[in-house]
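Visitor: Dropping the structure in here first, questions after.
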Amino acid sequence: MSKNKKTDRRKFLKTMGSTSLLIGATPLMGLSTNQDIKEHFLFGNPRISANDKIRIGAIGTGIMGHQNIDSALKIPGIELVAACDLYEGRLMRINEKYGKSIDTTRDYRELLQRKDIDAVLISTADMWHARIAMDAMDSGKHVYCEKPMVKLISEGLPVIEKHQATGKVLQVGSQLVSGLAVAKARELYQAGEIGKLNCIEAAYDRQSALGAWQYTLPTDATPKTVDWDAFISGSSGNKNDEFDATKFFRWRNYKEFGTGVAGDLFVHLLSSIHVILDSFGPSKIYSSGQLSYWKDGRNVPDVMAAIMEYPEADTHPKFQLTLRVNFASGKGPTNYVRFIGEEGVMELRGNSVTIDHSIMAEAPGIGGWDSLNTFTESMQKELMDQYNGKYSESQKKRPTKEPIRYVAKKQDKHKDHFIDFFEGIRKGTPVIEGPEFGFRACAPCLLCNDSYFGQKIMHWDPVNMKLLNETDV
């Protein structure tokens with residue numbers, strides 16, 4: 001990664017709180033369910049340039065494909081002109097929903113050949129992300145690519161190099177990083193609100209069949225309505241496998257096509273962490289997991305835990321990160337990132353960020369749960385006299401700071417993420433989630449899979465984005 005690229009990203013992240021999102025806190029305060037915490041309401045006003053027309057093509061029109069199209073079309077000046085999918089029923093749905101004038105095709109290369117398309121939205125199975133992104137940039141298209149940016153570690157640097165060679169905008173689609181709460185958390189961390197960071201805990205749990213990727217299957221899925229051969233040609237598994245509608249529509253459940261819970265959900269967590277800390281990522285990764293509940297033929301775990309060691313960097317100290325995904329959580333959906341520092345804890349949860357403080361007194365304390373009372377009375381008196389002579393009453397007291405919560409009201413993070421992408425096209429400004437950032441966020445998650453399946457500790461160079469050695473557990 002060039003020095004200029006690093007500088008551009010750092011400049012962008014420095015200004016994201018005030019310029020890109022125009023984040024602020026209202027003077028009004030409300031009380032949360034915890035009556036001791038005051039809430040500040042965050043608001044944003046993303047800047048949108050003059051409505052220069054940008055024509056888009058959608059490649060992959062499944063769940064995220066529709067979400068991406070809908071969010072993009074909320075922005076003035078964006079026009080959908082074509083769509084690609086391998087299932088005929090989804091192409092028919094595109095014409096039902098967006099109009100019969102939308103051209104449709106099963107071959108993404110036909111879409112890329114069109115001169116009237118400025119940008120493509122890639123919302124395919126993970127195994128196709130890198131290939132289509134590089135083909136699109138070679139064809140002169142800007143790219144919005146769903147996370148993870150790549151399925152394989154070996155694909156990351158080629159995508160970055162293609163981006164640098166073509167000069168096209170590439171935004172990775174982990175939209176949570178465009179949240180106002182993330183921007184505020186970044187501001188609070190940089191202000192030193194929790195003291196020196198030492199640990200982060202993060203989880204993304206679910207508890208439903210749909211949350212565990214048991215998506216509804218159409219009754220007309222056959223080799224005639226689905227281009228199975230095209231789909232499986234991108235697989236890392238057996239390219240001669242017979243047609244399987246379940247694998248096609250629930251591809252996230254199979255390591256040959258997707259990247260499991262790590263590539264889908266760990267990536268969201270790491271993306272937010274990396275924005276808040278301006279971090280390049282961990283150097284050591286280990287994960288463990290199991291298939292606990294959803295024993296439906298999938299070959300990826302539904303429970304996974306990971307620990308990552310982040311080395312000291314210019315923007316943060318060395319710290320430990322623990323991650324969890326549980327698809328049978330017993331409590332319902334949970335999504336949080338908890339930053340633990342020496343003077344407080346900052347929790348990012350949904351659209352809010354909360355800080356609670358616990359600051360140690362300057363004096364170490366004496367008595368209570370201590371060895372003091374095991375000594376003779378004369379020794380106890382001597383030690384107490386020494387202690388009281390050394391420390392004042394103020395030094396014996398813990399400093400206090402009120403807990404505080406910031407809540408983003410009525411923000412559409414997905415729309416704002418697309419505004420950032422289209423502004424990058426219109427104005428040439430850096431995007432929040434370019435390919436270097438996208439690869440640094442997804443690579444440790446892909447290595448979680450390698451660690452899980454190979455029972456290895458993975459060693460990663462987060463600056464140069466290269467896999468180092470593996471060690472046995």
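Residues in the structure tokens are named by chain (A, B, ... in the order shown) and by number from 1 within that chain; ligands are numbered from 1 in the order shown.
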Show me, as a list of chain:residue names, the residues that have an atom within 6 Å of region 345-351 of chain A when counting only C-alpha atoms, minus same-chain residues fewer than 3 positions from it.

Guide: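 Here the qualifying residues turn out to be A:Ala181, A:Ile194, A:Tyr336, A:Val337, A:Arg338, A:Phe339, A:Ile340, A:Gly341, A:Thr354, A:Ile355, A:Asp356, A:Val407, A:Ala408.
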
Visitor: Selected residues, N, CA and C atoms, written as an mmCIF file, in the first residue's frame, please.

Guide:
```cif
data_model
loop_
_atom_site.group_PDB
_atom_site.id
_atom_site.type_symbol
_atom_site.label_atom_id
_atom_site.label_comp_id
_atom_site.auth_asym_id
_atom_site.auth_seq_id
_atom_site.Cartn_x
_atom_site.Cartn_y
_atom_site.Cartn_z
ATOM 1 N N ALA A 181 -23.317 6.313 15.057
ATOM 2 C CA ALA A 181 -22.797 5.816 16.327
ATOM 3 C C ALA A 181 -21.336 5.401 16.196
ATOM 4 N N ILE A 194 -12.018 6.321 27.511
ATOM 5 C CA ILE A 194 -11.937 5.070 28.278
ATOM 6 C C ILE A 194 -10.501 4.778 28.731
ATOM 7 N N TYR A 336 -23.110 -6.302 19.322
ATOM 8 C CA TYR A 336 -22.433 -5.255 20.088
ATOM 9 C C TYR A 336 -20.924 -5.375 19.921
ATOM 10 N N VAL A 337 -20.240 -4.240 20.155
ATOM 11 C CA VAL A 337 -18.787 -4.201 20.260
ATOM 12 C C VAL A 337 -18.475 -3.436 21.543
ATOM 13 N N ARG A 338 -17.698 -4.049 22.431
ATOM 14 C CA ARG A 338 -17.412 -3.465 23.742
ATOM 15 C C ARG A 338 -15.910 -3.190 23.859
ATOM 16 N N PHE A 339 -15.559 -1.910 23.923
ATOM 17 C CA PHE A 339 -14.171 -1.480 24.042
ATOM 18 C C PHE A 339 -13.842 -1.295 25.515
ATOM 19 N N ILE A 340 -12.869 -2.031 26.021
ATOM 20 C CA ILE A 340 -12.542 -2.015 27.442
ATOM 21 C C ILE A 340 -11.203 -1.314 27.639
ATOM 22 N N GLY A 341 -11.242 -0.230 28.375
ATOM 23 C CA GLY A 341 -10.038 0.528 28.663
ATOM 24 C C GLY A 341 -9.757 0.565 30.151
ATOM 25 N N THR A 354 -22.503 3.828 24.266
ATOM 26 C CA THR A 354 -22.625 4.132 25.693
ATOM 27 C C THR A 354 -21.255 4.015 26.355
ATOM 28 N N ILE A 355 -20.969 4.927 27.265
ATOM 29 C CA ILE A 355 -19.717 4.862 28.012
ATOM 30 C C ILE A 355 -20.021 4.855 29.513
ATOM 31 N N ASP A 356 -19.450 3.879 30.196
ATOM 32 C CA ASP A 356 -19.464 3.819 31.658
ATOM 33 C C ASP A 356 -18.019 3.878 32.134
ATOM 34 N N VAL A 407 -27.337 8.373 20.937
ATOM 35 C CA VAL A 407 -28.244 7.560 20.127
ATOM 36 C C VAL A 407 -28.498 8.251 18.796
ATOM 37 N N ALA A 408 -28.271 7.514 17.715
ATOM 38 C CA ALA A 408 -28.559 8.048 16.375
ATOM 39 C C ALA A 408 -30.040 7.860 16.086
#
```

Visitor: With DSSP run on the backbone, what are the strand (DSSP E) residues within region 378-443 of chain A? I'd like them as a PyMOL selection string.

Guide: chain A and resi 404-408

Visitor: Based on the selection just made, write C-alpha atoms of those residues as a CSV table (one decimal), in the first residue's frame.

Guide:
```
chain,number,residue,atom,x,y,z
A,404,ILE,CA,-23.4,8.8,28.9
A,405,ARG,CA,-25.2,7.4,25.9
A,406,TYR,CA,-25.4,8.8,22.3
A,407,VAL,CA,-28.2,7.6,20.1
A,408,ALA,CA,-28.6,8.0,16.4
```

Visitor: So which residues touch Pro282 (chain A) within 7 Å, counting only C-alpha atoms, skipping near sequence neighbours fewer than 4 positions away, as a count of residues only?

Guide: 6

Visitor: Apply DSSP to the structure's backbone, then extract all residues of region 33-93 of chain A labelled alpha helix (DSSP H) and return them as an MDAnalysis selection string.

Guide: chainID A and resid 63:73 88:93

Visitor: Keeping only C-alpha atoms, write the selected residues as a PDB file, in the first residue's frame.

Guide:
```pdb
ATOM      1  CA  ILE A  63     -31.680 -10.511  -0.616  1.00  0.00           C
ATOM      2  CA  MET A  64     -28.708  -8.133  -0.480  1.00  0.00           C
ATOM      3  CA  GLY A  65     -29.078  -7.395  -4.176  1.00  0.00           C
ATOM      4  CA  HIS A  66     -32.543  -5.953  -3.565  1.00  0.00           C
ATOM      5  CA  GLN A  67     -31.404  -4.145  -0.435  1.00  0.00           C
ATOM      6  CA  ASN A  68     -28.532  -2.564  -2.339  1.00  0.00           C
ATOM      7  CA  ILE A  69     -30.656  -1.536  -5.311  1.00  0.00           C
ATOM      8  CA  ASP A  70     -33.335  -0.030  -3.074  1.00  0.00           C
ATOM      9  CA  SER A  71     -30.789   1.944  -1.046  1.00  0.00           C
ATOM     10  CA  ALA A  72     -28.958   3.189  -4.128  1.00  0.00           C
ATOM     11  CA  LEU A  73     -32.176   4.377  -5.772  1.00  0.00           C
ATOM     12  CA  GLU A  88     -34.844 -16.665 -14.025  1.00  0.00           C
ATOM     13  CA  GLY A  89     -37.457 -15.916 -11.372  1.00  0.00           C
ATOM     14  CA  ARG A  90     -35.344 -13.149  -9.884  1.00  0.00           C
ATOM     15  CA  LEU A  91     -34.871 -11.510 -13.265  1.00  0.00           C
ATOM     16  CA  MET A  92     -38.640 -11.562 -13.718  1.00  0.00           C
ATOM     17  CA  ARG A  93     -39.005  -9.984 -10.283  1.00  0.00           C
TER      18      ARG A  93
END
```

Visitor: With distances taken over only C-alpha atoms, which of A:Ala191, A:Met379, A:Ala119, A:Val353 is nearest to Val81 (chain A)?

Guide: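 Going through A:Ala191, A:Met379, A:Ala119, A:Val353 one by one, the smallest distance to Val81 (chain A) is for A:Ala119.
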
Visitor: Restricting the calculation to only C-alpha atoms, which member of A:Asn449, A:Ser358, A:Thr429, A:Gln411 is positioned closest to Glu193 (chain A)?

Guide: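 Using only C-alpha atoms, the shortest distance to Glu193 (chain A) belongs to A:Ser358.
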
Visitor: Could you list, as a PyMOL selection string, every residue within 12 Å of Glu161 (chain A), counting only C-alpha atoms and ignoring same-chain residues fewer than 5 positions away?

Guide: chain A and resi 1-2+130+133-134+137-138+155-156+166-168+170+435-436+439

Visitor: Any chance you could export the current selection's C-alpha atoms as a short mmCIF file (atom, residue, chain, number, x, y, z; two decimals), in the first residue's frame?

Guide:
```cif
data_model
loop_
_atom_site.label_atom_id
_atom_site.label_comp_id
_atom_site.auth_asym_id
_atom_site.auth_seq_id
_atom_site.Cartn_x
_atom_site.Cartn_y
_atom_site.Cartn_z
CA MET A 1 0.00 0.00 0.00
CA SER A 2 1.47 3.35 -1.02
CA ALA A 130 -13.18 -10.85 -6.58
CA ALA A 133 -14.98 -6.84 -9.24
CA MET A 134 -11.77 -7.10 -11.25
CA MET A 137 -12.91 -2.36 -13.12
CA ASP A 138 -11.22 -3.64 -16.29
CA GLU A 155 -7.54 -12.72 -4.10
CA GLY A 156 -7.05 -9.65 -1.89
CA THR A 166 -7.75 1.38 -13.15
CA GLY A 167 -8.45 4.31 -10.81
CA LYS A 168 -12.04 3.20 -10.39
CA LEU A 170 -14.45 0.48 -5.11
CA PRO A 435 -10.31 -2.19 -1.11
CA GLU A 436 -7.36 -1.87 1.29
CA PHE A 439 -9.27 -6.62 2.63
#
```

Visitor: Record the distance separating CA of Ala443 (chain A) and CA of Tyr189 (chain A), expressed in Å with one decimal.

Guide: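 Computing it gives 24.4 Å between the two atoms.
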
Visitor: Kindly indicate which residue among A:Val275, A:Ala202, A:Leu42, A:Leu269 lies nearest to Leu323 (chain A), using only C-alpha atoms for the distances.

Guide: A:Ala202

Visitor: Counting only C-alpha atoms, which residue out of A:Lys397, A:Lys97, A:Lys381, A:Arg206 sits closest to Arg324 (chain A)?

Guide: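 That would be A:Arg206, the residue with the smallest distance to Arg324 (chain A).
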
Visitor: Using only C-alpha atoms, pick whichever of A:Ala245, A:Ala185, A:Leu270, A:Met465 has the shortest atom-to-atom distance to Pro218 (chain A).

Guide: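 Nearest candidate to Pro218 (chain A) out of A:Ala245, A:Ala185, A:Leu270, A:Met465: A:Ala245.
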
Visitor: With only C-alpha atoms as the basis for distance, which of A:Trp228, A:Lys409, A:Gln214, A:Thr376 is at the shortest distance from Asp296 (chain A)?

Guide: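 Under the stated criterion, the closest residue is A:Gln214.
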
Visitor: Would you work out the distance separating CA of Val463 (chain A) from CA of Val300 (chain A), expressed in Å to one decimal?

Guide: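 Interatomic distance here is 29.1 Å.
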
Visitor: For Ser208 (chain A), find every residue with an atom within 8 Å (counting only C-alpha atoms), except residues of its own chain fewer than 2 positions away, and show them as a list in words.

Guide: Arg206, Leu210, Gly211, Ala212, Phe327 and Ala328 of chain A

Visitor: Can you write out the residues you just picked, keeping N, CA and C atoms, as a PDB file, in the first residue's frame?

Guide:
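Generated output (out-v3.pdb):
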```pdb
ATOM      1  N   ARG A 206     -27.706 -14.602  16.647  1.00  0.00           N
ATOM      2  CA  ARG A 206     -29.055 -14.672  16.069  1.00  0.00           C
ATOM      3  C   ARG A 206     -29.791 -15.860  16.682  1.00  0.00           C
ATOM      4  N   LEU A 210     -34.408 -17.999   9.669  1.00  0.00           N
ATOM      5  CA  LEU A 210     -33.975 -17.079   8.618  1.00  0.00           C
ATOM      6  C   LEU A 210     -32.636 -16.443   8.973  1.00  0.00           C
ATOM      7  N   GLY A 211     -32.455 -16.132  10.259  1.00  0.00           N
ATOM      8  CA  GLY A 211     -31.177 -15.590  10.688  1.00  0.00           C
ATOM      9  C   GLY A 211     -30.046 -16.574  10.500  1.00  0.00           C
ATOM     10  N   ALA A 212     -30.379 -17.872  10.524  1.00  0.00           N
ATOM     11  CA  ALA A 212     -29.390 -18.927  10.312  1.00  0.00           C
ATOM     12  C   ALA A 212     -29.339 -19.353   8.845  1.00  0.00           C
ATOM     13  N   PHE A 327     -25.797 -18.882  16.417  1.00  0.00           N
ATOM     14  CA  PHE A 327     -27.072 -18.889  15.694  1.00  0.00           C
ATOM     15  C   PHE A 327     -28.196 -19.559  16.487  1.00  0.00           C
ATOM     16  N   ALA A 328     -27.924 -19.975  17.712  1.00  0.00           N
ATOM     17  CA  ALA A 328     -28.965 -20.472  18.616  1.00  0.00           C
ATOM     18  C   ALA A 328     -28.677 -19.875  19.986  1.00  0.00           C
TER      19      ALA A 328
END
```

Visitor: What is the distance between CA of Leu86 (chain A) and CA of Ala441 (chain A), in Å to one decimal?

Guide: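 For CA of Leu86 (chain A) relative to CA of Ala441 (chain A), the distance reads 28.5 Å.
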
Visitor: Excluding Lys141 (chain A) and its own-chain neighbours fewer than 5 positions away, which residues fall within 12 Å of it when counting only C-alpha atoms? Please give them as a PyMOL selection string.

Guide: chain A and resi 54-58+109+111-122+132-136+162-163+166-170+425
